[in-house]
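*Asks:* Pasting in a structure now, in structure tokens, and then I'll have a few things to ask.
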2 protein chains.
Amino acid sequence: MSSQGDGIAELPPPPFWAVIFTSERGESDPSYDAMASRMTALAASQPGFLGVESVRGADGIGITVSYWRSLQDIARWRQHAEHQVARQLGRERWYRRFAVRVARVER
Amino acid sequence: MSSQGDGIAELPPPPFWAVIFTSERGESDPSYDAMASRMTALAASQPGFLGVESVRGADGIGITVSYWRSLQDIARWRQHAEHQVARQLGRERWYRRFAVRVARVER
């Protein structure tokens with residue numbers, strides 16, 4: 001699979017926040033691709049969204065880094081109803097393993 | 001190309017630091033693959049190295065997140081002689097574009 005967004009995000013000067021989502025996909029599932037595209041578009045429309053970089057390798061490991069203006073913006077996106085459904089499906093069906101790290105970009 | 005390291009890093013409780021390196025590769029070059037493997041192994045032997053997650057997609061976009069105990073550890077790795085040679089080659093030969101973000105992982 002390829003990167004989403006435009007590859008390398010154009011971002012404002014720090015500080016801002018990054019959510020680093022690393023995951024291992026299970027078997028291929030067309031419903032995943034549709035949901036991933038939808039979530040990328042939906043995230044990009046949220047308040048405080050600054051950009052996203054996303055890559056998945058042939059071995060199923062993927063890294064998505066989304067960038068946000070504040071922790072509050074991240075919390076709001078986390079609580080978005082449609083995103084919560086997607087996260088639940090991710091946990092139950094799509095990901096073998098994943099990790100989420102929230103970090104403050106300093107430079 | 002696939003992920004390097006073991007996919008998803010096992011990390012200690014925060015806080016620690018992340019270096020998010022996003023890049024776009026130019027044409028395929030076997031010398032790049034050898035250097036990338038060497039740099040991953042060399043980074044893993046540095047003081048303060050906690051883990052790495054690295055993926056490159058079929059479209060040439062790659063994300064490598066390395067995790068470190070402190071900013072001092074990151075600065076030391078940045079100044080490592082062999083790493084400096086690799087970074088110079090990366091700028092001149094291997095990457096069309098890249099961005100480096102240094103972030104403090106909070107949770």
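Going by the structure tokens order, chains are called A, B, ..., each with residues numbered from 1, while ligands are numbered from 1 in the order shown.
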When the cut-off is 10 Å and we count only C-alpha atoms, which residues of chain B are near chain A, given as a PDB file with C-alpha atoms, in the first residue's frame?

*Replies:*
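Result file out.pdb:
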ATOM      1  CA  MET B   1      10.167  -2.524   1.098  1.00  0.00           C
ATOM      2  CA  SER B   2       9.379  -3.756   4.551  1.00  0.00           C
ATOM      3  CA  SER B   3       9.733  -2.501   8.073  1.00  0.00           C
ATOM      4  CA  GLN B   4      13.021  -2.683   9.890  1.00  0.00           C
ATOM      5  CA  ASP B   6      10.732  -5.893  14.786  1.00  0.00           C
ATOM      6  CA  GLY B   7       7.794  -3.820  13.593  1.00  0.00           C
ATOM      7  CA  ILE B   8       6.332  -2.277  16.708  1.00  0.00           C
ATOM      8  CA  ALA B   9       8.856  -1.135  19.305  1.00  0.00           C
ATOM      9  CA  GLU B  10       8.608  -2.195  22.943  1.00  0.00           C
ATOM     10  CA  PRO B  14       7.021   7.958  28.917  1.00  0.00           C
ATOM     11  CA  PRO B  15       8.523  10.461  28.919  1.00  0.00           C
ATOM     12  CA  PHE B  16      11.138   9.748  26.263  1.00  0.00           C
ATOM     13  CA  TRP B  17      11.925  11.234  22.856  1.00  0.00           C
ATOM     14  CA  ALA B  18      11.021  10.415  19.269  1.00  0.00           C
ATOM     15  CA  VAL B  19      12.768  11.422  16.050  1.00  0.00           C
ATOM     16  CA  ILE B  20      10.235  11.246  13.204  1.00  0.00           C
ATOM     17  CA  PHE B  21      12.073  11.030   9.875  1.00  0.00           C
ATOM     18  CA  THR B  22       9.818  11.170   6.805  1.00  0.00           C
ATOM     19  CA  SER B  23      11.426  10.894   3.397  1.00  0.00           C
ATOM     20  CA  GLU B  24      10.804  10.385  -0.288  1.00  0.00           C
ATOM     21  CA  GLU B  53       9.898   1.643  13.793  1.00  0.00           C
ATOM     22  CA  SER B  54      10.487   1.984  10.069  1.00  0.00           C
ATOM     23  CA  VAL B  55       8.309   1.481   7.006  1.00  0.00           C
ATOM     24  CA  ARG B  56       8.686   2.389   3.336  1.00  0.00           C
ATOM     25  CA  GLY B  57       5.760   2.179   0.924  1.00  0.00           C
ATOM     26  CA  ALA B  58       5.753   1.162  -2.706  1.00  0.00           C
ATOM     27  CA  ASP B  59       5.557   4.828  -3.734  1.00  0.00           C
ATOM     28  CA  GLY B  60       8.921   5.640  -2.139  1.00  0.00           C
ATOM     29  CA  ILE B  61       7.586   7.462   0.909  1.00  0.00           C
ATOM     30  CA  GLY B  62       9.107   6.232   4.151  1.00  0.00           C
ATOM     31  CA  ILE B  63       8.642   6.953   7.847  1.00  0.00           C
ATOM     32  CA  THR B  64      11.242   5.986  10.438  1.00  0.00           C
ATOM     33  CA  VAL B  65      10.577   6.786  14.086  1.00  0.00           C
ATOM     34  CA  ARG B  97      12.726  15.362   0.065  1.00  0.00           C
ATOM     35  CA  PHE B  98      12.751  14.692   3.767  1.00  0.00           C
ATOM     36  CA  ALA B  99      11.644  16.168   7.077  1.00  0.00           C
ATOM     37  CA  VAL B 100      12.893  15.523  10.600  1.00  0.00           C
ATOM     38  CA  ARG B 101      10.798  16.250  13.677  1.00  0.00           C
ATOM     39  CA  VAL B 102      11.979  15.828  17.232  1.00  0.00           C
ATOM     40  CA  ALA B 103       9.190  15.230  19.743  1.00  0.00           C
ATOM     41  CA  ARG B 104       8.816  14.454  23.423  1.00  0.00           C
ATOM     42  CA  VAL B 105       6.555  11.428  23.916  1.00  0.00           C
ATOM     43  CA  GLU B 106       4.177  12.252  26.740  1.00  0.00           C
ATOM     44  CA  ARG B 107       1.866   9.235  26.714  1.00  0.00           C
TER      45      ARG B 107
END

*Asks:* Could you give me, as a list in words, the residues within 8 Å of A:Trp77, counting only C-alpha atoms and dropping anything in the same chain fewer than 4 positions from it?

*Replies:*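 My list of contacting residues is Ala43, Gln46, Asp73 and His83 of chain A.
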
*Asks:* What does the file look like for those residues with all heavy atoms, as a PDB file, in the first residue's frame?

*Replies:*
ATOM      1  N   ALA A  43     -10.390  13.116   9.481  1.00  0.00           N
ATOM      2  CA  ALA A  43      -9.411  13.752  10.370  1.00  0.00           C
ATOM      3  C   ALA A  43      -8.996  15.113   9.816  1.00  0.00           C
ATOM      4  O   ALA A  43      -8.899  16.104  10.557  1.00  0.00           O
ATOM      5  CB  ALA A  43      -8.181  12.855  10.540  1.00  0.00           C
ATOM      6  N   GLN A  46     -11.072  18.072  10.774  1.00  0.00           N
ATOM      7  CA  GLN A  46     -11.282  18.386  12.197  1.00  0.00           C
ATOM      8  C   GLN A  46     -10.545  19.661  12.604  1.00  0.00           C
ATOM      9  O   GLN A  46      -9.487  19.975  12.044  1.00  0.00           O
ATOM     10  CB  GLN A  46     -10.788  17.231  13.079  1.00  0.00           C
ATOM     11  CG  GLN A  46     -11.475  15.908  12.825  1.00  0.00           C
ATOM     12  CD  GLN A  46     -12.977  15.997  12.937  1.00  0.00           C
ATOM     13  OE1 GLN A  46     -13.503  16.364  13.978  1.00  0.00           O
ATOM     14  NE2 GLN A  46     -13.687  15.708  11.844  1.00  0.00           N
ATOM     15  N   ASP A  73      -7.346  19.227  20.717  1.00  0.00           N
ATOM     16  CA  ASP A  73      -7.776  18.812  19.375  1.00  0.00           C
ATOM     17  C   ASP A  73      -7.666  17.292  19.216  1.00  0.00           C
ATOM     18  O   ASP A  73      -8.540  16.662  18.619  1.00  0.00           O
ATOM     19  CB  ASP A  73      -6.922  19.503  18.309  1.00  0.00           C
ATOM     20  CG  ASP A  73      -7.108  21.016  18.297  1.00  0.00           C
ATOM     21  OD1 ASP A  73      -8.254  21.473  18.452  1.00  0.00           O
ATOM     22  OD2 ASP A  73      -6.108  21.733  18.142  1.00  0.00           O
ATOM     23  N   HIS A  83     -15.097   8.096  14.330  1.00  0.00           N
ATOM     24  CA  HIS A  83     -13.739   7.621  14.597  1.00  0.00           C
ATOM     25  C   HIS A  83     -13.759   6.526  15.669  1.00  0.00           C
ATOM     26  O   HIS A  83     -13.001   5.556  15.606  1.00  0.00           O
ATOM     27  CB  HIS A  83     -12.864   8.806  15.037  1.00  0.00           C
ATOM     28  CG  HIS A  83     -11.414   8.473  15.182  1.00  0.00           C
ATOM     29  ND1 HIS A  83     -10.567   9.214  15.981  1.00  0.00           N
ATOM     30  CD2 HIS A  83     -10.653   7.484  14.646  1.00  0.00           C
ATOM     31  CE1 HIS A  83      -9.356   8.678  15.926  1.00  0.00           C
ATOM     32  NE2 HIS A  83      -9.371   7.643  15.127  1.00  0.00           N
TER      33      HIS A  83
END

*Asks:* Would you list, as number ranges by chain, the residues of stretch 8-55 of chain A that end up in helix (DSSP H, G or I) under DSSP run on this structure's backbone?

*Replies:* A: 30-44

*Asks:* In Å to one decimal, how far is atom CA of B:Trp68 from atom CA of A:Leu50?

*Replies:*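 Separation between atom CA of A:Leu50 and atom CA of B:Trp68: 24.7 Å.
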
*Asks:* Atom CA of A:Gln84 and atom CA of A:Phe49 are how many Å apart?

*Replies:*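 Result for atom CA of A:Gln84 versus atom CA of A:Phe49: 17.2 Å, one decimal.
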
*Asks:* Determine which residues of stretch 26-60 of chain B receive a DSSP assignment of strand (DSSP E or B), computed from the backbone, and state them as a count of residues only.

*Replies:* 8

*Asks:* Rounded to one decimal in Å, what is the spacing between atom CA of A:Gly48 and atom CA of A:Ala86?

*Replies:*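 Computed distance, atom CA of A:Gly48 to atom CA of A:Ala86, equals 20.2 Å.
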
*Asks:* Determine the nearest neighbour of A:Pro30 from the options A:Arg69, A:Val52, A:Trp94, A:Arg87, counting only C-alpha atoms.

*Replies:*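 With only C-alpha atoms as the atom set, the closest residue is A:Trp94.
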